[in-house]
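Okay, run11.cif now, which holds mmCIF, C-alpha atoms:
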```cif
data_structure
loop_
_atom_site.label_atom_id
_atom_site.label_comp_id
_atom_site.auth_asym_id
_atom_site.auth_seq_id
_atom_site.Cartn_x
_atom_site.Cartn_y
_atom_site.Cartn_z
CA MET T 1 105.25 97.81 132.96
CA ASP T 2 108.10 96.22 131.01
CA LYS T 3 106.22 93.15 130.01
CA ILE T 4 103.38 94.95 128.30
CA TRP T 5 105.76 96.79 126.03
CA GLY T 6 105.76 94.54 123.03
CA LYS T 7 108.63 96.30 121.30
CA LYS T 8 111.94 97.67 122.39
CA PRO T 9 112.27 101.41 122.76
CA ARG T 10 113.03 103.49 119.75
CA LYS T 11 116.72 104.06 120.38
CA SER T 12 117.50 100.41 119.81
CA ASP T 13 115.01 100.15 116.99
CA LYS T 14 117.16 99.24 114.04
CA LYS T 15 116.11 99.41 110.46
CA LYS T 16 113.84 96.47 109.76
CA LYS T 17 115.29 93.60 107.80
CA GLY T 18 113.88 92.10 104.64
CA THR T 19 113.29 93.10 101.06
CA SER T 20 110.59 95.54 100.13
CA ASN T 21 108.61 93.31 97.74
CA TYR T 22 106.52 96.17 96.46
CA ALA T 23 104.76 94.13 93.77
CA TYR T 24 103.00 92.11 96.46
CA ALA T 25 102.33 94.87 98.96
CA VAL T 26 101.15 97.47 96.48
CA THR T 27 98.76 95.15 94.62
CA ARG T 28 97.32 93.94 97.87
CA VAL T 29 96.89 97.47 99.15
CA ARG T 30 95.24 98.49 95.90
CA ALA T 31 92.82 95.59 96.25
CA MET T 32 92.13 96.78 99.82
CA LYS T 33 91.53 100.30 98.56
CA SER T 34 88.96 99.03 96.10
CA LYS T 35 86.96 97.79 99.08
CA LEU T 36 86.63 101.22 100.66
CA LEU T 37 83.15 102.68 100.59
CA PRO T 38 82.50 104.36 97.22
CA LYS T 39 81.43 107.99 97.23
CA GLU T 40 77.92 107.09 96.06
CA THR T 41 77.39 105.40 99.42
CA TYR T 42 77.53 108.58 101.48
CA PRO T 43 74.27 110.16 100.23
CA ARG T 44 72.57 106.84 101.00
CA LEU T 45 74.07 106.73 104.48
CA MET T 46 72.78 110.24 105.10
CA ASN T 47 69.24 108.98 104.69
CA MET T 48 69.63 106.23 107.28
CA GLY T 49 69.48 106.18 111.06
CA VAL T 50 72.35 105.12 113.33
CA ASP T 51 71.25 101.49 113.57
CA GLU T 52 70.66 101.23 109.86
CA ILE T 53 74.12 102.58 109.11
CA THR T 54 75.60 100.12 111.59
CA ARG T 55 73.82 97.30 109.82
CA PHE T 56 74.96 98.65 106.47
CA ILE T 57 78.65 98.75 107.39
CA GLN T 58 78.26 95.39 109.08
CA GLU T 59 77.87 93.99 105.59
CA SER T 60 81.17 95.52 104.53
CA GLU T 61 84.73 95.40 105.85
CA TYR T 62 83.58 96.24 109.38
CA LYS T 63 81.67 93.00 109.89
CA ASN T 64 84.06 91.31 112.30
CA ASP T 65 84.53 94.41 114.41
CA ILE T 66 80.82 95.03 114.81
CA ASP T 67 80.07 91.36 115.44
CA GLU T 68 82.64 91.17 118.20
CA LEU T 69 81.76 94.42 119.89
CA ALA T 70 77.98 94.18 119.56
CA MET T 71 77.76 92.32 122.89
CA LYS T 72 79.42 95.15 124.79
CA TYR T 73 78.20 98.33 123.15
CA SER T 74 75.25 99.66 121.23
CA GLY T 75 74.26 102.61 119.06
CA ALA T 76 76.87 105.17 118.10
CA ASP T 77 79.24 103.86 120.79
CA LEU T 78 79.31 100.49 119.07
CA ALA T 79 80.08 102.18 115.76
CA GLU T 80 82.82 104.31 117.28
CA HIS T 81 84.55 101.33 118.90
CA ALA T 82 84.17 99.23 115.76
CA LEU T 83 85.61 101.97 113.55
CA ASN T 84 88.60 102.49 115.82
CA ARG T 85 89.24 98.78 116.10
CA ASN T 86 88.97 98.32 112.36
CA LEU T 87 91.38 101.18 111.69
CA ALA T 88 93.92 99.78 114.13
CA LEU T 89 93.66 96.27 112.67
CA THR T 90 93.91 97.53 109.10
CA TYR T 91 97.10 99.40 109.86
CA ALA T 92 98.48 96.39 111.74
CA LYS T 93 97.75 94.36 108.63
CA LEU T 94 99.73 96.80 106.50
CA LEU T 95 102.71 96.23 108.76
CA LEU T 96 102.26 92.48 108.38
CA ILE T 97 102.16 92.49 104.60
CA THR T 98 105.15 94.76 104.10
CA ALA T 99 108.81 94.19 104.84
CA GLY T 100 112.03 96.16 104.76
CA GLU T 101 111.97 99.86 104.00
CA PRO T 102 108.20 100.42 103.57
CA ASN T 103 107.50 98.51 106.77
CA TYR T 104 109.95 100.69 108.65
CA LEU T 105 108.57 103.93 107.23
CA ILE T 106 104.94 102.95 107.86
CA SER T 107 105.63 101.95 111.45
CA GLU T 108 107.28 105.33 112.01
CA TYR T 109 104.37 107.11 110.36
CA LEU T 110 101.90 105.26 112.59
CA ARG T 111 103.53 106.68 115.69
CA ARG T 112 101.07 109.52 115.22
CA TYR T 113 98.51 107.28 116.84
CA ASP T 114 100.68 106.90 119.91
CA ILE T 115 100.79 110.68 120.10
CA TRP T 116 97.04 110.84 119.51
CA ASN T 117 96.45 108.34 122.30
CA ILE T 118 98.74 110.07 124.77
CA LYS T 119 96.99 113.37 124.04
CA THR T 120 93.62 111.71 124.53
CA LEU T 121 94.66 110.17 127.81
CA LEU T 122 96.03 113.42 129.19
CA ARG T 123 93.05 115.41 127.98
CA GLY T 124 90.69 112.83 129.43
CA LYS T 125 92.36 113.00 132.82
CA GLN T 126 92.46 116.79 132.80
CA TYR T 127 88.72 117.02 132.23
CA ASN T 128 87.90 114.03 134.44
CA ALA T 129 86.41 112.03 131.60
CA SER T 130 85.08 108.59 132.47
CA LEU T 131 87.04 105.48 131.54
CA GLU T 132 84.42 104.64 128.94
CA GLU T 133 84.68 108.04 127.30
CA ILE T 134 88.46 107.76 127.04
CA LEU T 135 88.37 104.20 125.68
CA GLU T 136 85.98 105.34 122.98
CA THR T 137 88.53 107.67 121.44
CA LEU T 138 91.66 105.53 121.66
CA ILE T 139 93.01 104.12 118.42
CA SER T 140 95.60 101.45 119.03
CA ALA T 141 97.25 101.69 115.63
CA GLY T 142 100.65 102.73 116.95
CA GLU T 143 103.10 100.87 119.13
CA LEU T 144 100.98 101.05 122.26
CA THR T 145 98.62 98.10 122.30
CA TYR T 146 94.96 98.37 123.23
CA THR T 147 95.62 96.45 126.45
CA THR T 148 98.36 98.89 127.43
CA LEU T 149 96.18 101.85 126.57
CA SER T 150 93.20 100.60 128.53
CA GLU T 151 95.47 100.01 131.53
CA LEU T 152 96.72 103.56 131.17
CA ALA T 153 93.19 104.91 130.81
CA ALA T 154 92.16 103.16 134.02
CA MET T 155 94.85 104.98 136.03
CA GLU T 156 93.78 107.62 138.49
CA SER T 157 95.91 110.61 137.58
CA TYR T 158 98.03 111.95 134.75
CA GLU T 159 101.18 111.55 136.88
CA GLU T 160 100.66 107.79 136.95
CA ILE T 161 100.15 107.69 133.21
CA ILE T 162 103.31 109.65 132.56
CA GLU T 163 105.25 107.42 134.93
CA ALA T 164 103.94 104.34 133.12
CA LEU T 165 105.20 105.77 129.85
CA ASN T 166 108.76 105.96 131.15
CA GLU T 167 110.02 103.55 128.49
CA THR T 168 108.92 105.73 125.61
CA ASP T 169 110.53 108.64 123.80
CA TYR T 170 107.78 110.92 125.01
CA TYR T 171 108.60 110.47 128.67
CA PRO T 172 111.28 113.20 129.06
CA LEU T 173 109.02 115.83 127.50
CA LEU T 174 105.95 114.79 129.47
CA GLN T 175 107.79 114.44 132.73
CA GLU T 176 109.63 117.74 132.55
CA GLU T 177 107.08 119.99 130.93
CA TYR T 178 103.59 118.78 131.80
CA ASP T 179 102.14 120.24 134.97
CA GLY T 180 98.51 119.25 134.49
CA THR T 181 97.43 122.57 133.02
CA ASN T 182 99.56 123.35 129.97
CA LEU T 183 97.94 120.74 127.74
CA ALA T 184 97.84 122.88 124.59
CA TYR T 185 101.56 123.49 124.81
CA ILE T 186 102.31 119.80 125.40
CA GLU T 187 100.10 118.74 122.51
CA ASN T 188 101.93 121.07 120.21
CA GLU T 189 105.30 119.91 121.45
CA LEU T 190 104.30 116.28 120.93
CA ASP T 191 103.30 117.08 117.35
CA LYS T 192 106.58 118.82 116.73
CA MET T 193 108.42 115.90 118.26
CA TYR T 194 106.56 113.51 115.99
CA TYR T 195 107.44 115.39 112.83
CA SER T 196 111.04 116.02 113.78
CA GLY T 197 111.34 112.32 114.65
CA LEU T 198 109.87 111.42 111.29
CA PHE T 199 112.23 113.72 109.40
CA GLY T 200 115.06 112.26 111.46
CA VAL T 201 114.07 108.78 110.32
CA ILE T 202 113.95 109.85 106.69
CA GLY T 203 117.33 111.53 107.09
CA LYS T 204 118.76 113.01 103.96
CA PRO T 205 116.56 111.10 101.53
CA ARG T 206 118.65 109.12 99.08
CA SER T 207 116.36 106.32 97.98
CA LYS T 208 113.38 107.14 95.80
CA ASP T 209 111.15 105.74 98.51
CA ARG T 210 112.33 108.10 101.18
CA LYS T 211 112.13 111.06 98.82
CA LEU T 212 108.51 110.31 98.03
CA PHE T 213 107.74 109.65 101.69
CA ALA T 214 109.42 112.92 102.69
CA ARG T 215 107.36 114.84 100.15
CA PHE T 216 104.23 113.26 101.53
CA ILE T 217 105.07 114.31 105.07
CA LYS T 218 106.09 117.82 104.00
CA LEU T 219 102.76 118.33 102.31
CA GLU T 220 101.03 117.30 105.51
CA VAL T 221 103.14 119.71 107.55
CA ASP T 222 102.21 122.54 105.18
CA ALA T 223 98.52 121.75 105.54
CA LYS T 224 98.82 121.68 109.33
CA ASN T 225 100.75 124.94 109.44
CA MET T 226 98.31 126.61 107.13
CA GLY T 227 95.39 125.63 109.35
CA THR T 228 97.19 126.94 112.44
CA LEU T 229 98.13 130.19 110.69
CA PHE T 230 94.56 130.81 109.59
CA ARG T 231 93.31 130.18 113.08
CA LEU T 232 95.87 132.54 114.61
CA LYS T 233 95.35 135.29 112.03
CA LYS T 234 91.61 135.07 112.50
CA ALA T 235 92.09 135.39 116.24
CA GLY T 236 94.23 138.49 115.58
CA VAL T 237 97.54 137.07 116.75
CA GLU T 238 100.24 138.98 114.87
CA GLN T 239 103.30 138.60 117.05
CA LEU T 240 106.01 136.53 115.44
CA ASP T 241 107.28 135.21 118.74
CA GLU T 242 103.79 133.98 119.60
CA ILE T 243 103.19 132.31 116.26
CA MET T 244 106.53 130.69 115.52
CA PRO T 245 106.55 128.27 118.48
CA LEU T 246 103.32 126.81 117.11
CA MET T 247 104.72 126.14 113.65
CA ILE T 248 106.04 122.75 112.62
CA GLU T 249 109.29 122.84 110.73
CA GLY T 250 109.96 121.13 107.44
CA GLY T 251 107.02 122.08 105.20
CA LEU T 252 107.15 121.72 101.45
CA GLU T 253 106.35 125.17 100.19
CA LEU T 254 105.11 127.50 102.90
CA ASN T 255 107.65 129.85 104.39
CA THR T 256 106.10 130.02 107.83
CA GLU T 257 108.34 132.78 109.12
CA LYS T 258 107.42 135.08 106.26
CA LEU T 259 103.72 134.21 106.36
CA ALA T 260 103.52 134.58 110.13
CA SER T 261 104.60 138.21 109.98
CA LEU T 262 101.93 139.24 107.46
CA PRO T 263 98.53 140.66 108.35
CA TYR T 264 95.49 138.58 107.34
CA GLU T 265 94.80 140.12 103.90
CA GLU T 266 98.43 139.96 102.82
CA PHE T 267 98.69 136.44 104.17
CA VAL T 268 95.80 135.34 101.96
CA GLU T 269 97.40 137.20 99.06
CA ALA T 270 100.68 135.35 99.64
CA LEU T 271 98.85 132.02 99.56
CA ARG T 272 97.68 132.84 96.04
CA LYS T 273 101.13 132.02 94.75
CA THR T 274 101.23 128.57 96.31
CA ARG T 275 100.09 125.27 94.90
CA TYR T 276 97.37 125.11 97.53
CA TRP T 277 95.47 128.10 96.21
CA ASP T 278 93.43 126.22 93.60
CA ALA T 279 92.24 123.87 96.31
CA ILE T 280 91.31 126.48 98.88
CA SER T 281 90.25 129.46 96.74
CA GLY T 282 86.60 128.32 96.80
CA VAL T 283 86.29 128.92 100.54
CA MET T 284 88.38 132.09 100.65
CA VAL T 285 85.58 134.57 101.20
CA PRO T 286 86.33 137.82 103.06
CA ASP T 287 84.11 137.05 106.04
CA MET T 288 85.12 133.42 106.51
CA ASP T 289 83.67 132.48 109.89
CA SER T 290 84.55 128.80 110.05
CA LEU T 291 87.71 126.91 109.20
CA THR T 292 85.89 123.63 108.59
CA GLY T 293 85.56 124.34 104.87
CA LEU T 294 89.23 125.20 104.59
CA GLU T 295 90.33 122.10 106.45
CA CYS T 296 88.09 119.87 104.33
CA ARG T 297 89.56 121.41 101.16
CA LEU T 298 93.11 120.93 102.39
CA LEU T 299 92.41 117.32 103.28
CA LYS T 300 90.82 116.77 99.89
CA PHE T 301 93.86 118.31 98.25
CA SER T 302 96.24 115.99 100.10
CA LEU T 303 94.09 112.95 99.29
CA GLU T 304 93.94 113.88 95.61
CA SER T 305 97.63 114.63 95.34
CA ALA T 306 98.44 111.31 97.05
CA THR T 307 96.35 109.52 94.44
CA THR T 308 98.02 111.40 91.60
CA TYR T 309 101.45 110.53 92.95
CA SER T 310 100.47 106.92 93.45
CA HIS T 311 99.79 106.77 89.71
CA VAL T 312 103.09 108.48 88.92
CA SER T 313 105.07 106.07 91.12
CA PRO T 314 102.97 102.90 91.09
CA ILE T 315 105.61 100.59 92.55
CA SER T 316 106.65 102.60 95.61
CA ILE T 317 105.52 103.52 99.09
CA VAL T 318 103.08 106.14 97.76
CA PRO T 319 100.14 103.81 96.99
CA ILE T 320 100.46 102.44 100.55
CA MET T 321 100.48 105.92 102.08
CA ASP T 322 97.60 106.81 99.80
CA TYR T 323 95.61 103.91 101.23
CA ILE T 324 96.52 104.85 104.81
CA ILE T 325 95.07 108.33 104.47
CA TYR T 326 92.03 107.19 102.48
CA LYS T 327 91.19 104.61 105.11
CA ASN T 328 91.60 107.18 107.84
CA ASN T 329 89.34 109.52 105.93
CA GLU T 330 86.67 106.87 105.52
CA VAL T 331 86.68 106.14 109.23
CA ASN T 332 86.50 109.87 109.97
CA ASN T 333 83.59 110.34 107.59
CA LEU T 334 81.68 107.47 109.14
CA ARG T 335 82.40 108.77 112.62
CA ILE T 336 81.12 112.22 111.63
CA ILE T 337 77.92 110.70 110.25
CA PHE T 338 77.37 108.54 113.35
CA ARG T 339 78.01 111.31 115.82
CA GLY T 340 76.09 113.84 113.76
CA LYS T 341 73.07 111.59 113.50
CA GLU T 342 73.21 110.74 117.18
CA ALA T 343 73.34 114.43 118.13
CA GLY T 344 70.47 115.14 115.74
CA LEU T 345 72.40 117.55 113.53
CA GLU T 346 70.96 118.67 110.22
CA ASP T 347 72.00 116.67 107.17
CA GLU T 348 73.46 119.73 105.49
CA LEU T 349 75.72 120.40 108.44
CA ILE T 350 76.95 116.80 108.47
CA LYS T 351 77.51 116.86 104.71
CA ASP T 352 79.70 119.95 105.00
CA GLN T 353 82.05 118.10 107.31
CA LEU T 354 82.50 115.07 105.08
CA VAL T 355 85.45 114.75 102.74
CA VAL T 356 84.27 112.58 99.89
CA ILE T 357 86.31 111.90 96.77
CA MET O 1 154.42 72.33 77.06
CA VAL O 2 152.94 69.00 76.20
CA ALA O 3 149.37 70.15 76.94
CA GLY O 4 149.89 73.38 74.97
CA GLU O 5 151.06 71.49 71.98
CA ALA O 6 148.06 69.19 72.17
CA VAL O 7 145.71 72.22 72.10
CA MET O 8 147.56 73.76 69.19
CA MET O 9 147.32 70.54 67.29
CA SER O 10 143.58 70.02 67.83
CA GLY O 11 142.67 73.53 66.49
CA PRO O 12 140.57 76.23 68.20
CA ILE O 13 138.76 75.48 71.49
CA LEU O 14 135.36 76.22 69.93
CA ASP O 15 134.70 75.06 66.44
CA ALA O 16 131.49 75.86 64.51
CA ALA O 17 129.51 73.09 66.21
CA GLY O 18 130.66 74.25 69.63
CA MET O 19 129.66 77.85 68.89
CA LYS O 20 126.23 76.66 67.77
CA ALA O 21 125.75 74.65 70.92
CA LEU O 22 126.84 77.59 73.07
CA GLY O 23 124.48 79.94 71.21
CA ALA O 24 121.59 77.57 71.71
CA ALA O 25 122.44 77.20 75.40
CA LEU O 26 122.61 80.98 75.86
CA ALA O 27 119.28 81.47 74.09
CA ILE O 28 117.47 79.14 76.46
CA THR O 29 119.34 80.18 79.63
CA VAL O 30 118.92 83.92 79.33
CA THR O 31 115.28 83.77 78.30
CA GLY O 32 114.63 81.25 81.08
CA LEU O 33 116.08 83.63 83.66
CA ALA O 34 114.19 86.56 82.17
CA SER O 35 110.82 84.85 82.31
CA ALA O 36 111.54 83.55 85.81
CA TRP O 37 112.21 87.11 87.01
CA ALA O 38 109.13 88.51 85.28
CA GLU O 39 106.91 85.72 86.60
CA LYS O 40 108.21 86.25 90.11
CA GLU O 41 107.17 89.90 90.04
CA ILE O 42 103.78 89.24 88.48
CA GLY O 43 103.21 86.15 90.60
CA THR O 44 103.75 87.96 93.89
CA ALA O 45 101.48 90.78 92.74
CA ALA O 46 98.84 88.25 91.72
CA ILE O 47 99.08 86.52 95.10
CA GLY O 48 98.68 89.90 96.79
CA ALA O 49 95.55 90.67 94.81
CA MET O 50 94.18 87.17 95.33
CA ALA O 51 94.70 87.35 99.09
CA GLU O 52 92.19 90.22 99.12
CA ASN O 53 89.87 89.03 96.39
CA GLU O 54 89.75 85.36 95.43
CA GLY O 55 87.85 86.18 92.27
CA LEU O 56 91.05 87.46 90.74
CA PHE O 57 92.52 83.94 90.57
CA GLY O 58 91.79 83.49 86.84
CA LYS O 59 93.17 86.85 85.81
CA GLY O 60 96.19 86.44 88.07
CA LEU O 61 96.97 83.04 86.61
CA ILE O 62 96.80 84.28 83.03
CA LEU O 63 98.95 87.33 83.72
CA THR O 64 101.49 85.20 85.59
CA VAL O 65 102.07 82.82 82.67
CA ILE O 66 102.31 85.50 79.97
CA PRO O 67 106.11 85.94 80.46
CA GLU O 68 106.39 82.23 79.72
CA THR O 69 106.32 83.30 76.06
CA ILE O 70 109.81 84.73 76.51
CA VAL O 71 111.30 81.36 77.29
CA ILE O 72 109.26 79.71 74.54
CA PHE O 73 110.81 82.10 72.03
CA GLY O 74 114.18 81.20 73.51
CA LEU O 75 113.41 77.51 73.08
CA VAL O 76 112.37 78.07 69.46
CA ALA O 77 115.53 80.07 68.80
CA SER O 78 117.75 77.40 70.32
CA LEU O 79 116.02 74.64 68.29
CA LEU O 80 116.45 76.67 65.11
CA ILE O 81 120.13 77.20 65.87
CA ASN O 82 120.61 73.50 66.45
CA SER O 83 118.78 72.42 63.31
CA ALA O 84 120.50 74.95 61.02
#
```
Would you mind giving the structure from this file in structure tokens?
Amino acid sequence: MDKIWGKKPRKSDKKKKGTSNYAYAVTRVRAMKSKLLPKETYPRLMNMGVDEITRFIQESEYKNDIDELAMKYSGADLAEHALNRNLALTYAKLLLITAGEPNYLISEYLRRYDIWNIKTLLRGKQYNASLEEILETLISAGELTYTTLSELAAMESYEEIIEALNETDYYPLLQEEYDGTNLAYIENELDKMYYSGLFGVIGKPRSKDRKLFARFIKLEVDAKNMGTLFRLKKAGVEQLDEIMPLMIEGGLELNTEKLASLPYEEFVEALRKTRYWDAISGVMVPDMDSLTGLECRLLKFSLESATTYSHVSPISIVPIMDYIIYKNNEVNNLRIIFRGKEAGLEDELIKDQLVVI
Amino acid sequence: MVAGEAVMMSGPILDAAGMKALGAALAITVTGLASAWAEKEIGTAAIGAMAENEGLFGKGLILTVIPETIVIFGLVASLLINSA
């Protein structure tokens, strides 16, 4: 297994060398952002079928990915693979065009895809998904390469996968805690591990870069916690000792301990005082039956605030992070359209899921 | 002692002509460094933009040479100092 690990394990991962050279990286990233699909495109895509959309994005940044994968896959599967491949390559490109501090921070941020992939693999094995189904959802944007991931996906059982991951930071947790059934718990622990790792990397932020990066992550943690809290409150979970293990520490504004103890109405009332209220107030109706609207609003809020901050600090890591989440959002939107169209969902339903800015 | 006396006898180290020459040299050196630094920043940004979109070559080129004016002002200043 050693030879397929391109990089050394995290403990020996020193801070990357080199100067930041923001002028180059930021301008290039801004030029890349200008190539993302404009919002006017989405209504047009909604009127097309799966093959038409594939052809449409083939004329954009996804050309190479679709060309190369068209021999192997077709229909929505082709689109899914092409989108994932494009996302992974785009993020790899970001790592290539940056150096020094931003490179280090981005590579740490992209570890989320390693977590995503490990979760996918374990979930796939638990529900006996086919190799093809697992491969479809893997995004090799983190440290684990696509080759490694497909080897892992081809393994028979989750024990083998965990054993193969013995060089990673996730191994102790997976090996000690995972028994093949407690997937929800493990997923949550992996998320917590990711964020605590990220905050560990940022340390006590001294440079402007790390401060901005930390703020970015904290905002994300708040959004995640808020989603979890809503879900739990809606399900009637009120016990503090049940809620707190599911919370991620280090948010920007939300005091999770205080919010967790409140009943639903008071919880919503407490959110009124936060900066997130303006963004979410539109979907805060008394009989809210779905969290999709809320999650879309929160995502929109984080995208918009990233853009605002990227204008406030133009020569910093923020425009790069801004691009990372916009690109991810574009890929998600396209995936929703493809899958929605394939499943024959109504246009209105698909539209509600899209986050378009 | 002998060297010290020689200096004392030949007057100050920098006379008016020397000061002029030094002023002119400073004018061109500092502005040269300043425009080099500015062009480096703009040049790398322009290269970044051009790597993604070749159509930006013209704009990038123009923006990159704008700081050249700094050193031209320095050159003018140093010529004026010398000719005064």
Of the listed residues O:Leu22, O:Ala27, O:Ala49, O:Leu33, that which approaches chain T most closely, counting only C-alpha atoms: O:Ala49
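A straight line drawn from atom CA of Ile139 of chain T to atom CA of Leu95 of chain T is 15.8 Å long.
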message: Please list as a list in words every residue within 8 Å of Glu163 of chain T, counting only C-alpha atoms and excluding residues in the same chain fewer than 4 positions away.
response: Glu159, Tyr171 and Gln175 of chain T
task: When you get a sec, could you note down which chain O residues fall within 8 Å of chain T, using all atoms listed in the file, as a PyMOL selection string?
output: chain O and resi 41-42+44-53
query: What residues come out when you apply the PyMOL selection byres ((chain O and resi 84) around 12) to this file, written as a list in words?
result: Ala16, Ala17, Lys20, Ala21, Ala24, Ala77, Ser78, Leu79, Leu80, Ile81, Asn82 and Ser83 of chain O
Would you output that residue set with C-alpha atoms, as a PDB file, keeping the file's coordinate frame?
```pdb
ATOM      1  CA  ALA O  16     131.490  75.860  64.510  1.00  0.00           C
ATOM      2  CA  ALA O  17     129.510  73.090  66.210  1.00  0.00           C
ATOM      3  CA  LYS O  20     126.230  76.660  67.770  1.00  0.00           C
ATOM      4  CA  ALA O  21     125.750  74.650  70.920  1.00  0.00           C
ATOM      5  CA  ALA O  24     121.590  77.570  71.710  1.00  0.00           C
ATOM      6  CA  ALA O  77     115.530  80.070  68.800  1.00  0.00           C
ATOM      7  CA  SER O  78     117.750  77.400  70.320  1.00  0.00           C
ATOM      8  CA  LEU O  79     116.020  74.640  68.290  1.00  0.00           C
ATOM      9  CA  LEU O  80     116.450  76.670  65.110  1.00  0.00           C
ATOM     10  CA  ILE O  81     120.130  77.200  65.870  1.00  0.00           C
ATOM     11  CA  ASN O  82     120.610  73.500  66.450  1.00  0.00           C
ATOM     12  CA  SER O  83     118.780  72.420  63.310  1.00  0.00           C
TER      13      SER O  83
END
```
- prompt: Quick one: which residues end up in the PyMOL selection byres ((chain O and resi 67) around 12) for this structure, as a VMD selection string?
  reply: chain O and resid 31 to 43 61 to 66 68 to 74
message: Taking the file as I've supplied it (selection: the PyMOL selection byres ((chain T and resi 42) around 10)), which residues are included? Please answer as an NGL selection string.
response: :T and (37-41 or 43-47 or 333-334 or 337 or 351 or 354 or 356)
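Proximity to Ser207 of chain T was assessed for T:Pro102, T:Gly142, T:Gly49, T:Pro263 counting all atoms listed in the file; the smallest distance is recorded for T:Pro102.
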So that I can see what lies close to Glu295 of chain T, please list as a PDB file with C-alpha atoms, in the coordinates of the input the residues with an atom at most 10 Å from it, counting all atoms listed in the file and leaving out residues fewer than 5 positions away in the same chain.
```pdb
ATOM      1  CA  ALA T 223      98.520 121.750 105.540  1.00  0.00           C
ATOM      2  CA  LYS T 224      98.820 121.680 109.330  1.00  0.00           C
ATOM      3  CA  MET T 226      98.310 126.610 107.130  1.00  0.00           C
ATOM      4  CA  GLY T 227      95.390 125.630 109.350  1.00  0.00           C
ATOM      5  CA  ILE T 280      91.310 126.480  98.880  1.00  0.00           C
ATOM      6  CA  VAL T 283      86.290 128.920 100.540  1.00  0.00           C
ATOM      7  CA  SER T 290      84.550 128.800 110.050  1.00  0.00           C
ATOM      8  CA  LYS T 300      90.820 116.770  99.890  1.00  0.00           C
ATOM      9  CA  PHE T 301      93.860 118.310  98.250  1.00  0.00           C
ATOM     10  CA  GLN T 353      82.050 118.100 107.310  1.00  0.00           C
ATOM     11  CA  VAL T 355      85.450 114.750 102.740  1.00  0.00           C
TER      12      VAL T 355
END
```
